[in-house]
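Dropping run-v2.cif in here (mmCIF, C-alpha atoms and all ligand atoms):
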```cif
data_structure
loop_
_atom_site.group_PDB
_atom_site.id
_atom_site.type_symbol
_atom_site.label_atom_id
_atom_site.label_comp_id
_atom_site.auth_asym_id
_atom_site.auth_seq_id
_atom_site.Cartn_x
_atom_site.Cartn_y
_atom_site.Cartn_z
ATOM 1 C CA MET A 1 -83.009 -38.479 19.126
ATOM 2 C CA LYS A 2 -84.336 -35.046 20.077
ATOM 3 C CA ILE A 3 -82.131 -32.085 19.196
ATOM 4 C CA GLY A 4 -82.237 -28.651 20.803
ATOM 5 C CA ILE A 5 -80.410 -25.709 19.257
ATOM 6 C CA PHE A 6 -79.149 -22.881 21.458
ATOM 7 C CA ALA A 7 -77.580 -19.950 19.594
ATOM 8 C CA ASN A 8 -76.349 -16.561 20.706
ATOM 9 C CA GLU A 9 -78.072 -13.564 19.176
ATOM 10 C CA THR A 10 -75.551 -12.553 16.521
ATOM 11 C CA LYS A 11 -76.719 -12.567 12.897
ATOM 12 C CA LYS A 12 -74.102 -15.193 12.063
ATOM 13 C CA SER A 13 -75.274 -17.597 14.774
ATOM 14 C CA MET A 14 -78.912 -17.104 13.798
ATOM 15 C CA ARG A 15 -78.059 -17.873 10.180
ATOM 16 C CA ILE A 16 -76.215 -21.067 11.185
ATOM 17 C CA LYS A 17 -79.107 -22.027 13.444
ATOM 18 C CA ASN A 18 -81.570 -21.734 10.554
ATOM 19 C CA GLU A 19 -79.246 -23.714 8.269
ATOM 20 C CA LEU A 20 -78.993 -26.474 10.847
ATOM 21 C CA ILE A 21 -82.745 -26.565 11.395
ATOM 22 C CA THR A 22 -83.265 -27.072 7.646
ATOM 23 C CA LYS A 23 -80.649 -29.845 7.513
ATOM 24 C CA PHE A 24 -82.135 -31.603 10.552
ATOM 25 C CA LYS A 25 -85.659 -31.431 9.141
ATOM 26 C CA GLU A 26 -84.473 -32.881 5.819
ATOM 27 C CA ARG A 27 -82.966 -35.807 7.722
ATOM 28 C CA HIS A 28 -86.036 -36.346 9.928
ATOM 29 C CA PHE A 29 -84.421 -35.482 13.278
ATOM 30 C CA ILE A 30 -86.849 -34.394 15.976
ATOM 31 C CA LEU A 31 -86.261 -30.792 17.016
ATOM 32 C CA ASP A 32 -87.158 -30.169 20.661
ATOM 33 C CA ASP A 33 -85.739 -27.243 22.644
ATOM 34 C CA THR A 34 -87.754 -28.145 25.753
ATOM 35 C CA HIS A 35 -86.622 -31.710 26.473
ATOM 36 C CA PRO A 36 -83.724 -32.412 24.129
ATOM 37 C CA ASP A 37 -81.285 -35.348 24.246
ATOM 38 C CA ILE A 38 -78.577 -33.280 22.568
ATOM 39 C CA VAL A 39 -78.156 -29.508 22.821
ATOM 40 C CA ILE A 40 -76.133 -27.925 20.040
ATOM 41 C CA THR A 41 -74.791 -24.515 20.990
ATOM 42 C CA ILE A 42 -73.788 -22.006 18.318
ATOM 43 C CA GLY A 43 -71.473 -19.185 19.366
ATOM 44 C CA GLY A 44 -68.537 -19.302 21.798
ATOM 45 C CA ASP A 45 -67.763 -20.613 25.271
ATOM 46 C CA GLY A 46 -70.093 -17.949 26.691
ATOM 47 C CA THR A 47 -72.983 -19.404 24.668
ATOM 48 C CA LEU A 48 -72.230 -22.884 26.003
ATOM 49 C CA LEU A 49 -72.180 -21.468 29.551
ATOM 50 C CA SER A 50 -75.611 -19.891 28.971
ATOM 51 C CA ALA A 51 -76.971 -23.150 27.532
ATOM 52 C CA PHE A 52 -75.595 -25.079 30.493
ATOM 53 C CA HIS A 53 -77.501 -22.832 32.914
ATOM 54 C CA SER A 54 -80.665 -22.941 30.803
ATOM 55 C CA TYR A 55 -80.673 -26.751 30.906
ATOM 56 C CA GLU A 56 -79.228 -27.067 34.444
ATOM 57 C CA ASP A 57 -82.264 -29.056 35.640
ATOM 58 C CA GLN A 58 -81.911 -31.667 32.895
ATOM 59 C CA LEU A 59 -78.156 -32.315 32.899
ATOM 60 C CA GLU A 60 -78.607 -36.038 33.541
ATOM 61 C CA ASN A 61 -80.554 -36.437 30.273
ATOM 62 C CA ILE A 62 -78.625 -34.085 28.003
ATOM 63 C CA ARG A 63 -75.350 -34.138 26.149
ATOM 64 C CA PHE A 64 -73.921 -30.916 24.725
ATOM 65 C CA VAL A 65 -72.198 -30.218 21.412
ATOM 66 C CA GLY A 66 -70.500 -26.843 20.899
ATOM 67 C CA VAL A 67 -70.221 -25.273 17.440
ATOM 68 C CA HIS A 68 -67.962 -22.217 17.435
ATOM 69 C CA THR A 69 -68.531 -19.232 15.204
ATOM 70 C CA GLY A 70 -65.131 -17.680 16.006
ATOM 71 C CA HIS A 71 -62.040 -19.314 17.528
ATOM 72 C CA LEU A 72 -61.878 -22.870 18.837
ATOM 73 C CA GLY A 73 -63.180 -22.626 22.394
ATOM 74 C CA PHE A 74 -62.814 -24.771 25.459
ATOM 75 C CA TYR A 75 -66.348 -26.078 25.242
ATOM 76 C CA THR A 76 -66.832 -25.636 21.496
ATOM 77 C CA ASP A 77 -65.185 -28.190 19.198
ATOM 78 C CA TRP A 78 -66.967 -27.976 15.886
ATOM 79 C CA ARG A 79 -66.169 -25.488 13.142
ATOM 80 C CA LEU A 80 -68.801 -24.050 10.801
ATOM 81 C CA ASP A 81 -67.370 -25.946 7.829
ATOM 82 C CA GLU A 82 -67.894 -29.232 9.694
ATOM 83 C CA LEU A 83 -71.683 -29.093 10.129
ATOM 84 C CA ASP A 84 -72.285 -31.950 7.672
ATOM 85 C CA ASP A 85 -69.745 -34.117 9.548
ATOM 86 C CA LEU A 86 -71.535 -33.244 12.778
ATOM 87 C CA ILE A 87 -74.858 -34.386 11.319
ATOM 88 C CA ILE A 88 -73.294 -37.694 10.182
ATOM 89 C CA SER A 89 -71.930 -38.182 13.725
ATOM 90 C CA LEU A 90 -75.378 -37.488 15.185
ATOM 91 C CA GLN A 91 -76.944 -40.027 12.795
ATOM 92 C CA SER A 92 -74.594 -42.754 14.016
ATOM 93 C CA ASP A 93 -74.732 -41.660 17.661
ATOM 94 C CA ASN A 94 -74.408 -44.464 20.183
ATOM 95 C CA GLY A 95 -74.539 -42.386 23.356
ATOM 96 C CA GLN A 96 -70.794 -41.748 23.605
ATOM 97 C CA ALA A 97 -70.040 -39.007 26.143
ATOM 98 C CA ILE A 98 -67.321 -37.320 28.116
ATOM 99 C CA ALA A 99 -68.254 -35.904 31.518
ATOM 100 C CA TYR A 100 -66.678 -32.997 33.394
ATOM 101 C CA PRO A 101 -66.893 -31.970 37.075
ATOM 102 C CA LEU A 102 -69.102 -29.120 38.270
ATOM 103 C CA LEU A 103 -69.040 -26.863 41.310
ATOM 104 C CA ASP A 104 -71.756 -26.950 43.976
ATOM 105 C CA VAL A 105 -72.230 -23.622 45.739
ATOM 106 C CA SER A 106 -74.413 -23.325 48.877
ATOM 107 C CA VAL A 107 -75.007 -19.798 50.078
ATOM 108 C CA HIS A 108 -76.249 -19.252 53.624
ATOM 109 C CA TYR A 109 -77.733 -15.807 54.189
ATOM 110 C CA ARG A 110 -78.359 -14.026 57.415
ATOM 111 C CA ASN A 111 -82.091 -14.018 58.117
ATOM 112 C CA GLN A 112 -82.798 -16.932 55.765
ATOM 113 C CA SER A 113 -83.063 -20.430 57.182
ATOM 114 C CA LYS A 114 -82.438 -22.411 53.987
ATOM 115 C CA PRO A 115 -79.346 -21.923 51.827
ATOM 116 C CA ASP A 116 -79.596 -21.039 48.145
ATOM 117 C CA LYS A 117 -77.941 -23.664 45.979
ATOM 118 C CA PHE A 118 -76.169 -22.979 42.699
ATOM 119 C CA LEU A 119 -74.168 -24.917 40.156
ATOM 120 C CA ALA A 120 -71.210 -23.529 38.197
ATOM 121 C CA LEU A 121 -69.388 -24.873 35.175
ATOM 122 C CA ASN A 122 -66.379 -22.510 35.217
ATOM 123 C CA GLU A 123 -66.202 -20.857 38.606
ATOM 124 C CA ALA A 124 -67.815 -18.900 41.414
ATOM 125 C CA THR A 125 -66.316 -15.740 42.851
ATOM 126 C CA LEU A 126 -67.019 -13.562 45.851
ATOM 127 C CA LYS A 127 -65.901 -9.945 45.529
ATOM 128 C CA ARG A 128 -66.293 -6.609 47.172
ATOM 129 C CA ILE A 129 -65.929 -3.583 44.953
ATOM 130 C CA GLY A 130 -64.566 -0.328 46.335
ATOM 131 C CA MET A 131 -63.759 -1.557 49.822
ATOM 132 C CA THR A 132 -61.612 -4.409 51.066
ATOM 133 C CA MET A 133 -63.257 -7.788 51.350
ATOM 134 C CA ALA A 134 -62.471 -9.468 54.652
ATOM 135 C CA ALA A 135 -63.349 -13.129 54.909
ATOM 136 C CA ASP A 136 -62.338 -16.233 56.837
ATOM 137 C CA VAL A 137 -61.414 -19.218 54.700
ATOM 138 C CA TYR A 138 -61.923 -22.801 55.907
ATOM 139 C CA ILE A 139 -60.791 -25.986 54.168
ATOM 140 C CA GLY A 140 -62.619 -29.187 55.067
ATOM 141 C CA GLY A 141 -64.211 -27.316 57.982
ATOM 142 C CA ASP A 142 -60.875 -26.208 59.506
ATOM 143 C CA PHE A 143 -59.906 -22.560 59.698
ATOM 144 C CA PHE A 144 -57.191 -21.804 57.130
ATOM 145 C CA GLU A 145 -56.693 -18.036 56.881
ATOM 146 C CA ARG A 146 -58.235 -14.612 57.180
ATOM 147 C CA PHE A 147 -58.326 -13.106 53.682
ATOM 148 C CA ARG A 148 -58.256 -9.403 52.880
ATOM 149 C CA GLY A 149 -58.344 -8.127 49.332
ATOM 150 C CA ASP A 150 -60.669 -7.814 46.361
ATOM 151 C CA GLY A 151 -62.080 -11.324 46.403
ATOM 152 C CA LEU A 152 -61.728 -15.063 46.010
ATOM 153 C CA CYS A 153 -62.388 -17.404 43.099
ATOM 154 C CA VAL A 154 -63.196 -21.116 43.247
ATOM 155 C CA SER A 155 -62.964 -22.877 39.906
ATOM 156 C CA THR A 156 -63.630 -26.269 38.365
ATOM 157 C CA PRO A 157 -60.992 -28.092 36.280
ATOM 158 C CA THR A 158 -62.595 -27.008 32.987
ATOM 159 C CA GLY A 159 -62.916 -23.501 34.418
ATOM 160 C CA SER A 160 -59.212 -23.503 35.287
ATOM 161 C CA THR A 161 -58.404 -22.070 31.840
ATOM 162 C CA ALA A 162 -60.884 -19.202 32.283
ATOM 163 C CA TYR A 163 -60.914 -16.544 35.054
ATOM 164 C CA ASN A 164 -58.780 -18.795 37.270
ATOM 165 C CA LYS A 165 -55.937 -18.639 34.755
ATOM 166 C CA SER A 166 -56.040 -14.837 34.640
ATOM 167 C CA LEU A 167 -55.632 -14.912 38.421
ATOM 168 C CA GLY A 168 -52.451 -16.986 38.205
ATOM 169 C CA GLY A 169 -54.146 -20.308 38.926
ATOM 170 C CA ALA A 170 -52.896 -23.598 37.522
ATOM 171 C CA VAL A 171 -54.452 -25.246 34.499
ATOM 172 C CA ILE A 172 -55.932 -28.551 35.704
ATOM 173 C CA HIS A 173 -56.720 -31.552 33.548
ATOM 174 C CA PRO A 174 -60.512 -32.171 33.719
ATOM 175 C CA SER A 175 -60.037 -35.834 34.656
ATOM 176 C CA LEU A 176 -58.969 -34.556 38.101
ATOM 177 C CA ALA A 177 -62.099 -33.693 40.075
ATOM 178 C CA ALA A 178 -60.327 -30.994 42.066
ATOM 179 C CA LEU A 179 -61.354 -27.481 43.057
ATOM 180 C CA GLN A 180 -59.011 -24.551 42.886
ATOM 181 C CA LEU A 181 -59.049 -21.487 45.130
ATOM 182 C CA THR A 182 -57.361 -18.343 43.811
ATOM 183 C CA GLU A 183 -57.016 -14.900 45.306
ATOM 184 C CA ILE A 184 -58.123 -11.675 43.650
ATOM 185 C CA GLY A 185 -55.874 -8.813 44.739
ATOM 186 C CA SER A 186 -54.963 -10.023 48.241
ATOM 187 C CA LEU A 187 -53.422 -7.637 50.766
ATOM 188 C CA ASN A 188 -50.096 -8.852 52.094
ATOM 189 C CA ASN A 189 -48.080 -6.669 54.450
ATOM 190 C CA LEU A 190 -46.881 -6.653 58.062
ATOM 191 C CA VAL A 191 -50.462 -6.747 59.309
ATOM 192 C CA TYR A 192 -52.323 -8.952 56.854
ATOM 193 C CA ARG A 193 -51.182 -12.285 55.474
ATOM 194 C CA THR A 194 -52.623 -14.829 53.068
ATOM 195 C CA ILE A 195 -51.120 -17.934 51.476
ATOM 196 C CA SER A 196 -50.731 -15.915 48.229
ATOM 197 C CA SER A 197 -50.707 -18.949 45.997
ATOM 198 C CA PRO A 198 -53.493 -20.954 44.363
ATOM 199 C CA LEU A 199 -54.697 -23.960 46.367
ATOM 200 C CA ILE A 200 -55.876 -27.179 44.752
ATOM 201 C CA ILE A 201 -58.393 -28.979 46.930
ATOM 202 C CA ALA A 202 -58.953 -32.762 46.882
ATOM 203 C CA PRO A 203 -62.290 -34.124 45.609
ATOM 204 C CA ASN A 204 -63.674 -34.974 49.050
ATOM 205 C CA ASP A 205 -62.720 -31.682 50.670
ATOM 206 C CA TRP A 206 -64.703 -28.485 50.622
ATOM 207 C CA ILE A 207 -64.038 -24.773 50.946
ATOM 208 C CA THR A 208 -66.012 -22.432 53.160
ATOM 209 C CA ILE A 209 -65.827 -18.652 52.987
ATOM 210 C CA ARG A 210 -67.318 -16.579 55.796
ATOM 211 C CA PRO A 211 -67.227 -12.900 54.837
ATOM 212 C CA ASN A 212 -67.480 -10.103 57.367
ATOM 213 C CA GLN A 213 -71.142 -9.341 57.471
ATOM 214 C CA THR A 214 -72.109 -6.641 55.056
ATOM 215 C CA SER A 215 -74.404 -6.835 52.086
ATOM 216 C CA ASP A 216 -72.186 -5.234 49.461
ATOM 217 C CA TYR A 217 -70.682 -8.442 48.103
ATOM 218 C CA PHE A 218 -70.942 -9.558 44.517
ATOM 219 C CA MET A 219 -71.109 -13.251 43.996
ATOM 220 C CA THR A 220 -70.620 -14.494 40.450
ATOM 221 C CA LEU A 221 -71.502 -17.918 39.091
ATOM 222 C CA ASP A 222 -70.064 -18.182 35.579
ATOM 223 C CA GLN A 223 -71.879 -15.282 33.865
ATOM 224 C CA LYS A 224 -74.458 -14.690 36.565
ATOM 225 C CA THR A 225 -74.129 -12.093 39.347
ATOM 226 C CA VAL A 226 -75.889 -12.242 42.710
ATOM 227 C CA TYR A 227 -75.849 -9.050 44.776
ATOM 228 C CA GLY A 228 -77.440 -7.378 47.728
ATOM 229 C CA LYS A 229 -78.097 -10.060 50.342
ATOM 230 C CA GLU A 230 -76.173 -10.419 53.587
ATOM 231 C CA ILE A 231 -74.061 -13.525 53.112
ATOM 232 C CA GLU A 232 -73.139 -15.486 56.217
ATOM 233 C CA GLU A 233 -71.254 -18.349 54.645
ATOM 234 C CA ILE A 234 -70.622 -19.940 51.245
ATOM 235 C CA MET A 235 -69.665 -23.583 50.844
ATOM 236 C CA PHE A 236 -68.015 -24.865 47.682
ATOM 237 C CA LYS A 237 -67.585 -28.506 46.794
ATOM 238 C CA ILE A 238 -67.306 -30.751 43.772
ATOM 239 C CA SER A 239 -70.814 -31.621 42.687
ATOM 240 C CA LYS A 240 -72.166 -35.142 42.328
ATOM 241 C CA ARG A 241 -73.638 -33.913 39.050
ATOM 242 C CA LYS A 242 -71.625 -33.570 35.852
ATOM 243 C CA ILE A 243 -71.925 -31.925 32.468
ATOM 244 C CA ARG A 244 -71.716 -34.353 29.549
ATOM 245 C CA PHE A 245 -70.558 -33.653 26.025
ATOM 246 C CA ALA A 246 -71.267 -35.919 23.038
ATOM 247 C CA LYS A 247 -67.868 -37.387 22.294
ATOM 248 C CA TYR A 248 -67.866 -38.012 18.547
ATOM 249 C CA ARG A 249 -64.188 -37.190 18.342
ATOM 250 C CA HIS A 250 -61.704 -36.042 20.899
ATOM 251 C CA THR A 251 -59.429 -33.017 21.063
ATOM 252 C CA ALA A 252 -56.828 -33.861 23.721
ATOM 253 C CA PHE A 253 -57.041 -31.358 26.575
ATOM 254 C CA TRP A 254 -53.394 -30.281 26.395
ATOM 255 C CA ARG A 255 -53.637 -29.844 22.617
ATOM 256 C CA ARG A 256 -56.609 -27.538 23.208
ATOM 257 C CA VAL A 257 -54.686 -25.551 25.829
ATOM 258 C CA GLN A 258 -51.698 -25.324 23.511
ATOM 259 C CA THR A 259 -53.856 -24.161 20.578
ATOM 260 C CA ALA A 260 -55.712 -21.586 22.668
ATOM 261 C CA PHE A 261 -52.805 -20.053 24.566
ATOM 262 C CA ILE A 262 -49.536 -20.801 22.793
ATOM 263 C CA GLY A 263 -50.333 -21.363 19.120
ATOM 264 C CA ASP A 264 -47.764 -22.654 16.670
ATOM 265 C CA SER A 265 -45.450 -19.634 16.695
ATOM 266 C CA TYR A 266 -42.590 -21.592 18.316
ATOM 267 C CA GLU A 267 -42.952 -24.799 16.326
ATOM 268 C CA ASN A 268 -39.840 -25.713 14.316
HETATM 269 P P1 LIG B 301 -67.041 -13.690 27.576
HETATM 270 O O1 LIG B 301 -67.835 -14.347 26.508
HETATM 271 O O2 LIG B 301 -66.490 -12.347 27.381
HETATM 272 O O3 LIG B 301 -65.931 -14.731 28.000
HETATM 273 C C1 LIG B 301 -64.741 -14.300 28.402
HETATM 274 C C2 LIG B 301 -63.669 -15.153 27.732
HETATM 275 O O4 LIG B 301 -63.521 -16.331 28.513
HETATM 276 C C3 LIG B 301 -63.959 -15.629 26.301
HETATM 277 O O5 LIG B 301 -62.792 -15.462 25.543
HETATM 278 C C4 LIG B 301 -64.283 -17.100 26.463
HETATM 279 O O6 LIG B 301 -63.929 -17.906 25.345
HETATM 280 C C5 LIG B 301 -63.390 -17.446 27.638
HETATM 281 N N1 LIG B 301 -63.775 -18.633 28.374
HETATM 282 C C6 LIG B 301 -64.975 -18.946 28.919
HETATM 283 N N2 LIG B 301 -64.904 -20.147 29.514
HETATM 284 C C7 LIG B 301 -63.639 -20.588 29.335
HETATM 285 C C8 LIG B 301 -62.929 -21.742 29.731
HETATM 286 N N3 LIG B 301 -63.518 -22.677 30.468
HETATM 287 N N4 LIG B 301 -61.625 -21.852 29.407
HETATM 288 C C9 LIG B 301 -61.000 -20.906 28.687
HETATM 289 N N5 LIG B 301 -61.606 -19.778 28.276
HETATM 290 C C10 LIG B 301 -62.900 -19.631 28.609
HETATM 291 O O7 LIG B 301 -67.835 -13.588 28.915
HETATM 292 P P2 LIG B 301 -68.945 -14.517 29.433
HETATM 293 O O8 LIG B 301 -69.652 -15.155 28.338
HETATM 294 O O9 LIG B 301 -69.682 -13.704 30.417
HETATM 295 O O10 LIG B 301 -68.088 -15.631 30.180
HETATM 296 C C11 LIG B 301 -68.060 -15.739 31.530
HETATM 297 C C12 LIG B 301 -66.699 -16.215 31.900
HETATM 298 O O11 LIG B 301 -65.772 -15.172 31.672
HETATM 299 C C13 LIG B 301 -66.605 -16.522 33.357
HETATM 300 O O12 LIG B 301 -67.008 -17.825 33.656
HETATM 301 C C14 LIG B 301 -65.137 -16.285 33.613
HETATM 302 O O13 LIG B 301 -64.398 -17.494 33.554
HETATM 303 C C15 LIG B 301 -64.672 -15.406 32.503
HETATM 304 N N6 LIG B 301 -64.162 -14.168 33.076
HETATM 305 C C16 LIG B 301 -62.829 -13.965 32.966
HETATM 306 C C17 LIG B 301 -62.264 -12.861 33.552
HETATM 307 C C18 LIG B 301 -60.785 -12.672 33.444
HETATM 308 O O14 LIG B 301 -60.122 -13.533 32.843
HETATM 309 N N7 LIG B 301 -60.227 -11.624 34.035
HETATM 310 C C19 LIG B 301 -63.056 -11.937 34.256
HETATM 311 C C20 LIG B 301 -64.413 -12.172 34.345
HETATM 312 C C21 LIG B 301 -64.959 -13.316 33.743
#
```

Could you write out this structure as structure tokens?
Amino acid sequence: MKIGIFANETKKSMRIKNELITKFKERHFILDDTHPDIVITIGGDGTLLSAFHSYEDQLENIRFVGVHTGHLGFYTDWRLDELDDLIISLQSDNGQAIAYPLLDVSVHYRNQSKPDKFLALNEATLKRIGMTMAADVYIGGDFFERFRGDGLCVSTPTGSTAYNKSLGGAVIHPSLAALQLTEIGSLNNLVYRTISSPLIIAPNDWITIRPNQTSDYFMTLDQKTVYGKEIEEIMFKISKRKIRFAKYRHTAFWRRVQTAFIGDSYEN
């Protein structure tokens, strides 16, 4: 088994990375950051997101393991005091995995014949800063509404606890391959009207956003920002590809949500 280690740049993560490298060498694991079978991330959810994009081309061959250096994250299960347990799990690995849906984003630009294609693990957003964003929204190819406001967010189920949640979106169990569309600061008055509630889109449907043509849109894909090109249309759908995590043990999704957002302050 080939192991890749992907750490953020804090001193703590670097120290853990070096510790892990020593332990893996002692146990004769092959370390390979270029074509790994398992990628161990050290940091937080943001580090896992970065690792996901770094290994985007190899998702079919890779399983991820997230070690967190702070709080339990949504993509990071293992604590620093559990590194020896993690190594034992890797030694008895039999390929066990849990897979989560991803978001396919196709961006058609004016004056460009081929669309740019992106993949997101949490979400993609389209925003206009300073001025109102005006965009037509289609679901499954049918016109749904004309949006005016700051922007729109399309999230995956595992991304539903991230930006989507801050926007009032629902938390979706990752076994449901559904997309969620949420509004960012929509205008609603006698002239302009939007649905004003999050929409959950079925796995075979797709969302299209056609902004009014200007080039001052920001598109975000997880941590990445794309800016400055005249966007004609963006299509969002559930990807055929998935991210896989090595499933050596399982934290139930609702337990994770409870731990992250509620805590035990109301337990009797
Ligand atoms: P970051 O590291 O500051 O992450 C922001 C926070 O989001 C962290 O607390 C992280 O643990 C949490 N997070 C990330 N993915 C999550 C998930 N799937 N479920 C629950 N929490 C999650 O910033 P970053 O590394 O640039 O992360 C990018 C992410 O930040 C984006 O994908 C977006 O979801 C999120 N974000 C949130 C807001 C907001 O809530 N208002 C605004 C912008 C971006």

Counting all atoms listed in the file, give me one row per residue of chain A with an atom at most 7 Å from an atom of ligand LIG 301 (chain B), showing the shortest contact pair and its distance in Å to one decimal, sorted by chain then residue number, as a Markdown table.
```
| residue | atom | partner | partner_atom | distance |
| --- | --- | --- | --- | --- |
| A:Gly44 | CA | B:LIG301 | O6 | 6.0 |
| A:Asp45 | CA | B:LIG301 | O6 | 4.7 |
| A:Gly46 | CA | B:LIG301 | O8 | 3.3 |
| A:Thr47 | CA | B:LIG301 | O8 | 6.5 |
| A:Leu49 | CA | B:LIG301 | O8 | 6.9 |
| A:Gly73 | CA | B:LIG301 | O6 | 5.6 |
| A:Phe74 | CA | B:LIG301 | N4 | 5.1 |
| A:Tyr75 | CA | B:LIG301 | N3 | 6.8 |
| A:Asn122 | CA | B:LIG301 | O12 | 5.0 |
| A:Glu123 | CA | B:LIG301 | O12 | 5.9 |
| A:Thr158 | CA | B:LIG301 | N3 | 5.1 |
| A:Gly159 | CA | B:LIG301 | N3 | 4.1 |
| A:Ser160 | CA | B:LIG301 | N3 | 6.5 |
| A:Thr161 | CA | B:LIG301 | N4 | 4.0 |
| A:Ala162 | CA | B:LIG301 | N4 | 4.0 |
| A:Tyr163 | CA | B:LIG301 | O14 | 3.8 |
| A:Asn164 | CA | B:LIG301 | O13 | 6.9 |
| A:Lys165 | CA | B:LIG301 | O14 | 6.9 |
| A:Ser166 | CA | B:LIG301 | O14 | 4.6 |
| A:Asp222 | CA | B:LIG301 | O12 | 3.6 |
| A:Gln223 | CA | B:LIG301 | O9 | 4.4 |
```

Report task. Can you turn the PyMOL selection byres (((chain A and resi 33) around 7) and not hetatm) into a concrete residue list for this file, as a ChimeraX atom specification? Result -> /A:3-5,31-32,34-36

Write the residues of the selection above to a file with C-alpha atoms, as a short mmCIF file (atom, residue, chain, number, x, y, z; two decimals), keeping the file's coordinate frame.
```cif
data_model
loop_
_atom_site.label_atom_id
_atom_site.label_comp_id
_atom_site.auth_asym_id
_atom_site.auth_seq_id
_atom_site.Cartn_x
_atom_site.Cartn_y
_atom_site.Cartn_z
CA ILE A 3 -82.13 -32.08 19.20
CA GLY A 4 -82.24 -28.65 20.80
CA ILE A 5 -80.41 -25.71 19.26
CA LEU A 31 -86.26 -30.79 17.02
CA ASP A 32 -87.16 -30.17 20.66
CA THR A 34 -87.75 -28.14 25.75
CA HIS A 35 -86.62 -31.71 26.47
CA PRO A 36 -83.72 -32.41 24.13
#
```

Query - Spatial sel., origin (-58.4, -27.8, 23.2), limit 10 Å, only C-alpha atoms, listed as number ranges by chain - result: A: 72-77, 250-261

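Around Asp150 of chain A, within 9 Å and counting only C-alpha atoms, the residues found are Leu126, Lys127, Arg128, Ile129, Gly130, Met131, Thr132, Met133, Ala134, Glu183, Ile184, Gly185, Ser186 and Leu187 of chain A, once anything fewer than 3 positions away on its own chain is removed.
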
Report task. Counting all atoms listed in the file, figure out which residue out of A:Pro101, A:Arg210, A:Asn8, A:Tyr109 gets nearest to Pro157 of chain A. Result ->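 Checking each of A:Pro101, A:Arg210, A:Asn8, A:Tyr109 against Pro157 of chain A, counting all atoms listed in the file, the winner is A:Pro101.
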
Requested in this report: For the structure provided, state which residues fall under the PyMOL selection byres (((chain A and resi 78-85) around 7) and not hetatm), and present them as a VMD selection string.
Outcome: chain A and resid 66 to 69 76 to 77 86 to 89

Query raised in the report: Separation of atom CA of Tyr217 of chain A and atom CA of Phe147 of chain A, in Å?
Result: 14.3 Å

Neighbouring residues of Phe6 of chain A were defined as those with any atom within 9 Å, considering all atoms listed in the file; residues of the same chain fewer than 5 positions away were excluded. Please report them as a PDB file with C-alpha atoms, in the coordinates of the input.
```pdb
ATOM      1  CA  LYS A  17     -79.107 -22.027  13.444  1.00  0.00           C
ATOM      2  CA  ASP A  33     -85.739 -27.243  22.644  1.00  0.00           C
ATOM      3  CA  VAL A  39     -78.156 -29.508  22.821  1.00  0.00           C
ATOM      4  CA  ILE A  40     -76.133 -27.925  20.040  1.00  0.00           C
ATOM      5  CA  THR A  41     -74.791 -24.515  20.990  1.00  0.00           C
ATOM      6  CA  ILE A  42     -73.788 -22.006  18.318  1.00  0.00           C
ATOM      7  CA  GLY A  43     -71.473 -19.185  19.366  1.00  0.00           C
ATOM      8  CA  THR A  47     -72.983 -19.404  24.668  1.00  0.00           C
ATOM      9  CA  LEU A  48     -72.230 -22.884  26.003  1.00  0.00           C
ATOM     10  CA  SER A  50     -75.611 -19.891  28.971  1.00  0.00           C
ATOM     11  CA  ALA A  51     -76.971 -23.150  27.532  1.00  0.00           C
TER      12      ALA A  51
END
```

Write out as a PDB file with C-alpha atoms, in the coordinates of the input the residues lying within 9 Å of Val107 of chain A, counting only C-alpha atoms and excluding same-chain residues fewer than 2 positions away.
```
ATOM      1  CA  VAL A 105     -72.230 -23.622  45.739  1.00  0.00           C
ATOM      2  CA  TYR A 109     -77.733 -15.807  54.189  1.00  0.00           C
ATOM      3  CA  LYS A 114     -82.438 -22.411  53.987  1.00  0.00           C
ATOM      4  CA  PRO A 115     -79.346 -21.923  51.827  1.00  0.00           C
ATOM      5  CA  ASP A 116     -79.596 -21.039  48.145  1.00  0.00           C
ATOM      6  CA  LYS A 117     -77.941 -23.664  45.979  1.00  0.00           C
ATOM      7  CA  PHE A 118     -76.169 -22.979  42.699  1.00  0.00           C
ATOM      8  CA  ILE A 231     -74.061 -13.525  53.112  1.00  0.00           C
ATOM      9  CA  GLU A 232     -73.139 -15.486  56.217  1.00  0.00           C
ATOM     10  CA  GLU A 233     -71.254 -18.349  54.645  1.00  0.00           C
ATOM     11  CA  ILE A 234     -70.622 -19.940  51.245  1.00  0.00           C
ATOM     12  CA  MET A 235     -69.665 -23.583  50.844  1.00  0.00           C
ATOM     13  CA  PHE A 236     -68.015 -24.865  47.682  1.00  0.00           C
TER      14      PHE A 236
END
```

Query raised in the report: To one decimal place, how far is atom CA of Leu179 of chain A from atom CA of Arg244 of chain A in Å?
Result: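 For atom CA of Leu179 of chain A relative to atom CA of Arg244 of chain A, the distance reads 18.4 Å.
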
Requested in this report: Point out the residue among A:Lys224, A:His173, A:Lys247, A:Lys229 with the least atom-to-atom distance to Ala124 of chain A, counting all atoms listed in the file.
Outcome: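 So, comparing all the options, the nearest one is A:Lys224.
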
Requested in this report: For each of A:Thr125, A:Gln180, A:Asn111, A:Ser175, take the minimum atom-to-atom distance to Ala99 of chain A, counting only C-alpha atoms, then give the residue where this is smallest.
Outcome: A:Ser175

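Between atom CA of Gln112 of chain A and atom CA of Lys242 of chain A lies a distance of 28.3 Å.
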
Requested in this report: Name the closest residue to Phe29 of chain A among the candidates A:Thr220, A:Gln91, A:Ser106, A:Asn188; distances are taken between atoms, counting all atoms listed in the file.
Outcome: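 Once distances to Phe29 of chain A are computed over all atoms listed in the file, the minimum belongs to A:Gln91.
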
Hey, could you pull the box centre and edge lengths for segment 1-14 of chain A, axis-aligned, 3 Å padding per side, all listed atoms, to one decimal in Å, as JSON?
```
{"center_x": -79.2, "center_y": -25.5, "center_z": 16.8, "size_x": 16.2, "size_y": 31.9, "size_z": 15.4}
```
